[in-house]
There are 2 protein chains.
Amino acid sequence: MPTERLLKSGRSPKAKPSRRAVAFPPRLSSGYLVRDAHRAFQRLLERRIAAYGVTRGQWYFLRVLWTADGLSQRELSTRVGMMEPTTAIALRSMERSQLIRRLRADDDRRKVRVFLTAKAKRLRNELLTLARDITAEAEDGIGPRDIATFRRVITRMIANLDRIVD
Amino acid sequence: MPTERLLKSGRSPKAKPSRRAVAFPPRLSSGYLVRDAHRAFQRLLERRIAAYGVTRGQWYFLRVLWTADGLSQRELSTRVGMMEPTTAIALRSMERSQLIRRLRADDDRRKVRVFLTAKAKRLRNELLTLARDITAEAEDGIGPRDIATFRRVITRMIANLDRIVD
DNA sequence: CATAGAATGTTAGAATGCTAAGTATTATCG
DNA sequence: CGATAATACTTAGCATTCTAACATTCTATG
C-alpha cells in the first residue's frame, strides 16, 4: 500500500481554509473497503475458474442454473441481479462455450428457457468447492463471531442502499 | 428479492446423489455479499455524481488528486489501484471534461504530471460530502461497535486475499 | 559514448456491465 | 374483433477494466 504523501503543487499559500473543510479518508469509507474487497475476490475467482474455461461473467449464471435449471432469461436476470442485455450477452457466450442450450418456451413463445449442458453440470461440484475455498481463505484468521457480525452488517448495508431511490 | 423456487426441469429422477454433494448458498458467501454491497454502493454513487457531470471512472482519480495534486500517471495508478491503461483512459476523459490538465515533467520527459483545474477543485467539498452521505445512509441503524468490527474484518479479508498469489 | 535495460505511457483488443431504443409475442379493453 | 398495453428479448452504443504488445525516454555499464 502506498503512503499518503501530500504534494503541495502550485497552490497559493493563502488559499481559503474552507477549501479543505471536508475530509473523508478512504479507510473510513465503507464504500472504499467494499470496493477493494470486491476487486480482491474477483481477481482470485477469475484466475481460478479460468483453468476450467469459465469466465467471471458466466460464473454468476452457472451458479444460479446449478440450483434452478430451465429458468427464462428474465428470471435469470432477476436472480443474478443483472440487467437483461447483460444476461443476453453472457448467455450468448455460454452457448458458444457449450455450457447451456436455449429453447423457446412452448406455452409462451416470447420466453426462452435456459438449460445446462452435461458439461456444465459436471463442472458444478468442482467449481462450487473452489468458490468455497476462496471464501475460506478470505476468512482465514477471523473468528466466527466476527464473521457473523460482518455478514449481518453488510446484509443490512445492502438493504439500506437498495431502499434508497433518489 | 425473488423467492428460491426450484424448477425440476428434465432431470432423471434417479440422478446420482453425488451430483448434489456440494452446497454453497450465496447468503453464506462473503464474496457474494461483498459483490452485492459493491454494486449497491456504485449504483448510488454513480447516480448522484452524474448530476455534477462526473462519472464513476473519474471519481476515484478525483478523490486522490484532491489530496495530492500533480502526481504522475504511474503514481496515480498505484494509489487508485488501477492498471495504467485504465488510468490513461480515465484521464483522457477527465481532460475532455476539463477536470484536469496534463503536463509533461521537465526533469523526466517520460512522466506526465496531472493537475486539477479550478473547476475540479471547486467540486471537491460538495462531492466529498455526497460520498460521506452515502456511507452514512449505508451504515444507518448499525451500531458503532458493529461498524468497527465490519471494518476490521473486511480489511483483514482484503489483506488475506491480496497475499494469495496462485 | 554506445548500447542494453529499466521506467513511463500508449494503443489494441477482450470481457463485463449499463441505458435507450427496437422487435416480436401475448394480454387487455373498448 | 381490433387497437393498445404489457412482457420478453435483442441490438446499439457507451463506460470501465483488464492483459499484451508497443513507443519513448532515461539510466547504467562496458
# chains A, B, ... in the order shown; residues from 1 in each chain; ligands from 1
$ residues_around --residues "DA12 of chain C" --least-positions-apart "5" --cutoff "12 Å" --atoms "only C-alpha atoms (C1' of nucleotides)" --output "list of chain:residue names"
B:Pro85, D:DT19, D:DA20, D:DA21, D:DC22
$ calpha_fit_and_write --fixed "chain B" --moving "chain A" --output "tab-separated table (two decimals) with C-alpha atoms, in the first residue's frame"
chain	number	residue	atom	x	y	z
A	1	MET	CA	-35.52	-10.52	-3.53
A	2	PRO	CA	-36.69	-13.57	-5.50
A	3	THR	CA	-37.56	-16.74	-3.69
A	4	GLU	CA	-35.40	-19.79	-4.12
A	5	ARG	CA	-37.61	-22.09	-6.13
A	6	LEU	CA	-36.27	-25.33	-7.45
A	7	LEU	CA	-37.23	-26.24	-11.01
A	8	LYS	CA	-36.70	-29.90	-11.48
A	9	SER	CA	-36.39	-29.72	-15.29
A	10	GLY	CA	-35.79	-32.91	-17.24
A	11	ARG	CA	-33.28	-34.50	-14.94
A	12	SER	CA	-33.35	-38.22	-14.49
A	13	PRO	CA	-35.01	-39.22	-11.21
A	14	LYS	CA	-32.15	-41.58	-10.45
A	15	ALA	CA	-29.35	-39.06	-10.80
A	16	LYS	CA	-26.34	-39.92	-8.70
A	17	PRO	CA	-26.45	-38.23	-5.29
A	18	SER	CA	-22.82	-37.11	-5.65
A	19	ARG	CA	-24.01	-34.54	-8.17
A	20	ARG	CA	-25.52	-32.61	-5.31
A	21	ALA	CA	-22.78	-33.13	-2.77
A	22	VAL	CA	-21.51	-29.56	-2.73
A	23	ALA	CA	-23.76	-26.78	-1.50
A	24	PHE	CA	-22.80	-23.15	-1.09
A	25	PRO	CA	-25.74	-20.76	-0.85
A	26	PRO	CA	-24.92	-17.12	-1.80
A	27	ARG	CA	-26.12	-15.81	1.55
A	28	LEU	CA	-23.26	-17.66	3.20
A	29	SER	CA	-20.74	-16.39	0.71
A	30	SER	CA	-18.84	-13.30	1.80
A	31	GLY	CA	-17.92	-12.83	-1.83
A	32	TYR	CA	-21.55	-12.59	-2.89
A	33	LEU	CA	-22.43	-10.21	-0.10
A	34	VAL	CA	-19.50	-8.02	-0.96
A	35	ARG	CA	-20.50	-8.01	-4.62
A	36	ASP	CA	-24.06	-7.00	-3.85
A	37	ALA	CA	-22.94	-4.26	-1.50
A	38	HIS	CA	-20.47	-2.98	-4.05
A	39	ARG	CA	-23.14	-2.74	-6.71
A	40	ALA	CA	-25.49	-0.94	-4.35
A	41	PHE	CA	-22.83	1.61	-3.43
A	42	GLN	CA	-21.87	2.14	-7.03
A	43	ARG	CA	-25.37	2.63	-8.26
A	44	LEU	CA	-26.06	5.34	-5.73
A	45	LEU	CA	-22.72	7.09	-6.16
A	46	GLU	CA	-23.04	7.07	-9.93
A	47	ARG	CA	-26.51	8.52	-9.85
A	48	ARG	CA	-25.59	11.34	-7.50
A	49	ILE	CA	-22.32	12.50	-9.01
A	50	ALA	CA	-23.90	12.49	-12.46
A	51	ALA	CA	-25.62	15.73	-11.44
A	52	TYR	CA	-22.16	17.33	-11.38
A	53	GLY	CA	-21.13	15.89	-14.73
A	54	VAL	CA	-18.71	13.47	-13.07
A	55	THR	CA	-18.66	9.77	-13.91
A	56	ARG	CA	-17.73	6.92	-11.62
A	57	GLY	CA	-14.51	6.29	-13.51
A	58	GLN	CA	-13.43	9.89	-12.92
A	59	TRP	CA	-14.45	9.87	-9.28
A	60	TYR	CA	-11.69	7.60	-7.98
A	61	PHE	CA	-9.01	9.74	-9.58
A	62	LEU	CA	-10.55	13.00	-8.41
A	63	ARG	CA	-10.51	11.64	-4.91
A	64	VAL	CA	-6.81	10.95	-4.96
A	65	LEU	CA	-5.93	14.18	-6.76
A	66	TRP	CA	-7.83	16.29	-4.25
A	67	THR	CA	-5.27	15.10	-1.71
A	68	ALA	CA	-2.19	14.87	-3.91
A	69	ASP	CA	-2.29	17.10	-6.97
A	70	GLY	CA	0.49	16.77	-9.52
A	71	LEU	CA	1.10	13.02	-9.36
A	72	SER	CA	2.35	11.09	-12.36
A	73	GLN	CA	0.06	8.63	-14.11
A	74	ARG	CA	1.95	5.70	-12.70
A	75	GLU	CA	1.62	6.98	-9.15
A	76	LEU	CA	-2.05	7.66	-9.73
A	77	SER	CA	-2.60	4.13	-11.00
A	78	THR	CA	-0.97	2.69	-7.92
A	79	ARG	CA	-2.92	4.82	-5.50
A	80	VAL	CA	-6.27	4.31	-7.16
A	81	GLY	CA	-5.54	0.63	-7.62
A	82	MET	CA	-6.15	0.52	-11.37
A	83	MET	CA	-4.03	-0.73	-14.24
A	84	GLU	CA	-2.33	1.96	-16.28
A	85	PRO	CA	-4.39	1.67	-19.45
A	86	THR	CA	-7.48	2.19	-17.31
A	87	THR	CA	-5.88	5.29	-15.85
A	88	ALA	CA	-4.98	6.57	-19.30
A	89	ILE	CA	-8.59	6.24	-20.46
A	90	ALA	CA	-10.03	7.87	-17.35
A	91	LEU	CA	-7.58	10.76	-17.57
A	92	ARG	CA	-8.37	11.32	-21.23
A	93	SER	CA	-12.03	11.71	-20.34
A	94	MET	CA	-11.15	13.98	-17.43
A	95	GLU	CA	-9.08	16.17	-19.71
A	96	ARG	CA	-11.98	16.42	-22.14
A	97	SER	CA	-14.27	17.37	-19.23
A	98	GLN	CA	-11.84	20.10	-18.13
A	99	LEU	CA	-11.18	18.43	-14.80
A	100	ILE	CA	-7.41	18.00	-15.24
A	101	ARG	CA	-4.45	19.18	-17.28
A	102	ARG	CA	-1.56	16.91	-18.17
A	103	LEU	CA	1.97	18.28	-18.27
A	104	ARG	CA	5.10	16.44	-19.32
A	105	ALA	CA	7.61	16.42	-16.44
A	106	ASP	CA	10.77	18.47	-17.04
A	107	ASP	CA	13.12	16.24	-15.12
A	108	ASP	CA	11.94	13.01	-16.76
A	109	ARG	CA	10.27	13.41	-20.10
A	110	ARG	CA	8.65	9.97	-19.88
A	111	LYS	CA	6.47	11.12	-17.01
A	112	VAL	CA	3.21	13.01	-17.28
A	113	ARG	CA	2.07	15.03	-14.30
A	114	VAL	CA	-1.62	15.41	-13.67
A	115	PHE	CA	-3.00	18.67	-12.26
A	116	LEU	CA	-6.53	19.53	-11.24
A	117	THR	CA	-8.24	22.50	-12.86
A	118	ALA	CA	-9.94	25.18	-10.78
A	119	LYS	CA	-13.25	23.59	-11.75
A	120	ALA	CA	-12.23	20.24	-10.27
A	121	LYS	CA	-10.97	21.90	-7.11
A	122	ARG	CA	-14.26	23.70	-6.66
A	123	LEU	CA	-16.13	20.38	-6.79
A	124	ARG	CA	-14.13	18.93	-3.92
A	125	ASN	CA	-16.11	19.79	-0.81
A	126	GLU	CA	-19.50	19.17	-2.31
A	127	LEU	CA	-18.60	15.79	-3.75
A	128	LEU	CA	-16.78	14.59	-0.65
A	129	THR	CA	-19.82	15.55	1.40
A	130	LEU	CA	-21.99	13.63	-0.99
A	131	ALA	CA	-19.80	10.54	-0.61
A	132	ARG	CA	-19.85	10.79	3.14
A	133	ASP	CA	-23.63	11.03	3.04
A	134	ILE	CA	-23.84	7.79	1.09
A	135	THR	CA	-21.73	6.05	3.70
A	136	ALA	CA	-23.92	7.46	6.45
A	137	GLU	CA	-27.07	6.22	4.71
A	138	ALA	CA	-25.51	2.80	4.24
A	139	GLU	CA	-24.58	2.61	7.93
A	140	ASP	CA	-27.95	3.82	9.14
A	141	GLY	CA	-29.24	1.83	12.10
A	142	ILE	CA	-25.99	-0.06	12.62
A	143	GLY	CA	-24.22	0.40	15.93
A	144	PRO	CA	-20.73	1.95	16.05
A	145	ARG	CA	-19.27	-1.20	17.54
A	146	ASP	CA	-20.62	-3.28	14.68
A	147	ILE	CA	-19.34	-0.75	12.15
A	148	ALA	CA	-15.91	-1.02	13.73
A	149	THR	CA	-16.02	-4.81	13.57
A	150	PHE	CA	-17.17	-4.64	9.98
A	151	ARG	CA	-14.25	-2.42	8.98
A	152	ARG	CA	-11.76	-4.59	10.78
A	153	VAL	CA	-13.10	-7.77	9.20
A	154	ILE	CA	-13.28	-6.49	5.65
A	155	THR	CA	-9.83	-4.95	5.91
A	156	ARG	CA	-8.50	-8.31	7.01
A	157	MET	CA	-10.29	-10.03	4.12
A	158	ILE	CA	-8.69	-7.66	1.64
A	159	ALA	CA	-5.29	-8.34	3.14
A	160	ASN	CA	-5.89	-12.10	3.08
A	161	LEU	CA	-6.92	-12.06	-0.57
A	162	ASP	CA	-4.18	-9.69	-1.69
A	163	ARG	CA	-1.58	-11.99	-0.19
A	164	ILE	CA	-2.66	-14.92	-2.36
A	165	VAL	CA	-0.69	-15.29	-5.56
A	166	ASP	CA	-1.82	-18.47	-7.32
$ residues_around --residues "DG30 of chain D" --least-positions-apart "4" --cutoff "12 Å" --atoms "only C-alpha atoms (C1' of nucleotides)" --output "PyMOL selection string"
chain C and resi 1-4
$ write_last_selection --atoms "C-alpha atoms (C1' of nucleotides)" --output "JSON list (two decimals), in the first residue's frame"
[["chain", "number", "residue", "atom", "x", "y", "z"],
["C", 1, "DC", "C1'", 29.96, 7.48, -25.81],
["C", 2, "DA", "C1'", 27.04, 3.47, -27.12],
["C", 3, "DT", "C1'", 24.18, 0.21, -26.18],
["C", 4, "DA", "C1'", 21.30, -2.69, -23.01]]
$ interface_residues --of "chain D" --to "chain B" --cutoff "7 Å" --atoms "only C-alpha atoms (C1' of nucleotides)" --output "VMD selection string"
chain D and resid 16 to 17 25
$ interface_residues --of "chain C" --to "chain A" --cutoff "10 Å" --atoms "only C-alpha atoms (C1' of nucleotides)" --output "list in words"
DA15, DT16, DG17, DC18, DT19, DA24, DT25 and DT26 of chain C
$ write_last_selection --atoms "N, CA and C atoms (P, O5', C5', C4', C3', O3' and C1' of nucleotides)" --output "CSV table (one decimal), in the first residue's frame"
chain,number,residue,atom,x,y,z
C,15,DA,P,-13.8,-12.2,-25.0
C,15,DA,O5',-14.1,-11.7,-23.6
C,15,DA,C5',-13.2,-11.9,-22.5
C,15,DA,C4',-13.8,-11.1,-21.3
C,15,DA,C3',-15.3,-11.3,-21.1
C,15,DA,O3',-15.5,-11.7,-19.7
C,15,DA,C1',-14.8,-9.0,-21.2
C,16,DT,P,-17.0,-12.0,-19.2
C,16,DT,O5',-17.5,-10.6,-18.6
C,16,DT,C5',-16.7,-10.0,-17.6
C,16,DT,C4',-17.4,-8.7,-17.1
C,16,DT,C3',-18.9,-8.8,-16.9
C,16,DT,O3',-19.2,-8.2,-15.7
C,16,DT,C1',-18.4,-7.0,-18.3
C,17,DG,P,-20.5,-8.6,-14.9
C,17,DG,O5',-21.5,-7.4,-15.3
C,17,DG,C5',-21.5,-6.2,-14.5
C,17,DG,C4',-21.9,-5.0,-15.3
C,17,DG,C3',-23.4,-5.0,-15.7
C,17,DG,O3',-24.2,-4.5,-14.7
C,17,DG,C1',-21.9,-4.0,-17.3
C,18,DC,P,-25.8,-4.4,-14.9
C,18,DC,O5',-26.0,-2.9,-15.6
C,18,DC,C5',-25.6,-1.8,-14.9
C,18,DC,C4',-25.6,-0.6,-15.9
C,18,DC,C3',-26.9,-0.3,-16.5
C,18,DC,O3',-27.7,0.6,-15.8
C,18,DC,C1',-25.2,-0.2,-18.2
C,19,DT,P,-29.2,0.8,-16.1
C,19,DT,O5',-29.2,1.8,-17.3
C,19,DT,C5',-28.5,3.1,-17.3
C,19,DT,C4',-28.8,3.8,-18.6
C,19,DT,C3',-30.3,3.9,-19.0
C,19,DT,O3',-30.5,5.2,-19.6
C,19,DT,C1',-29.2,2.7,-20.7
C,24,DA,P,-39.9,-8.5,-35.9
C,24,DA,O5',-40.5,-9.4,-34.8
C,24,DA,C5',-39.6,-10.3,-34.1
C,24,DA,C4',-40.3,-10.9,-32.9
C,24,DA,C3',-41.7,-11.4,-33.3
C,24,DA,O3',-41.9,-12.6,-32.7
C,24,DA,C1',-41.9,-9.9,-31.5
C,25,DT,P,-43.1,-13.7,-33.3
C,25,DT,O5',-44.0,-13.9,-32.0
C,25,DT,C5',-43.3,-14.3,-30.8
C,25,DT,C4',-44.2,-13.8,-29.7
C,25,DT,C3',-45.6,-14.3,-29.7
C,25,DT,O3',-45.7,-15.3,-28.6
C,25,DT,C1',-45.4,-12.1,-28.9
C,26,DT,P,-47.1,-16.0,-28.4
C,26,DT,O5',-47.9,-15.2,-27.3
C,26,DT,C5',-47.3,-15.1,-26.0
C,26,DT,C4',-48.0,-14.0,-25.2
C,26,DT,C3',-49.5,-14.3,-25.0
C,26,DT,O3',-49.7,-14.3,-23.6
C,26,DT,C1',-49.2,-12.1,-25.7
$ select_by_dssp --residues "segment 4-164 of chain A" --states "helix (DSSP H, G or I)" --output "ChimeraX atom specification"
/A:17-20,26-28,30-52,56-65,73-80,84-96,118-138,144-163
$ atom_distance --atom1 "atom C1' of DG2 of chain D" --atom2 "atom C1' of DG22 of chain C"
23.3 Å
$ decode --residues "segment 101-113 of chain B" --atoms "C-alpha atoms" --output "compact mmCIF listing (two decimals), in the first residue's frame"
# COMPACT_ATOMS: atom_id res chain seq x y z
CA ARG B 101 -4.58 19.25 -17.34
CA ARG B 102 -1.64 17.04 -18.20
CA LEU B 103 1.85 18.50 -18.28
CA ARG B 104 5.00 16.70 -19.32
CA ALA B 105 7.51 16.78 -16.42
CA ASP B 106 10.60 18.91 -17.05
CA ASP B 107 13.01 16.75 -15.11
CA ASP B 108 11.91 13.46 -16.70
CA ARG B 109 10.20 13.75 -20.05
CA ARG B 110 8.69 10.28 -19.78
CA LYS B 111 6.50 11.43 -16.94
CA VAL B 112 3.21 13.25 -17.25
CA ARG B 113 2.02 15.26 -14.29
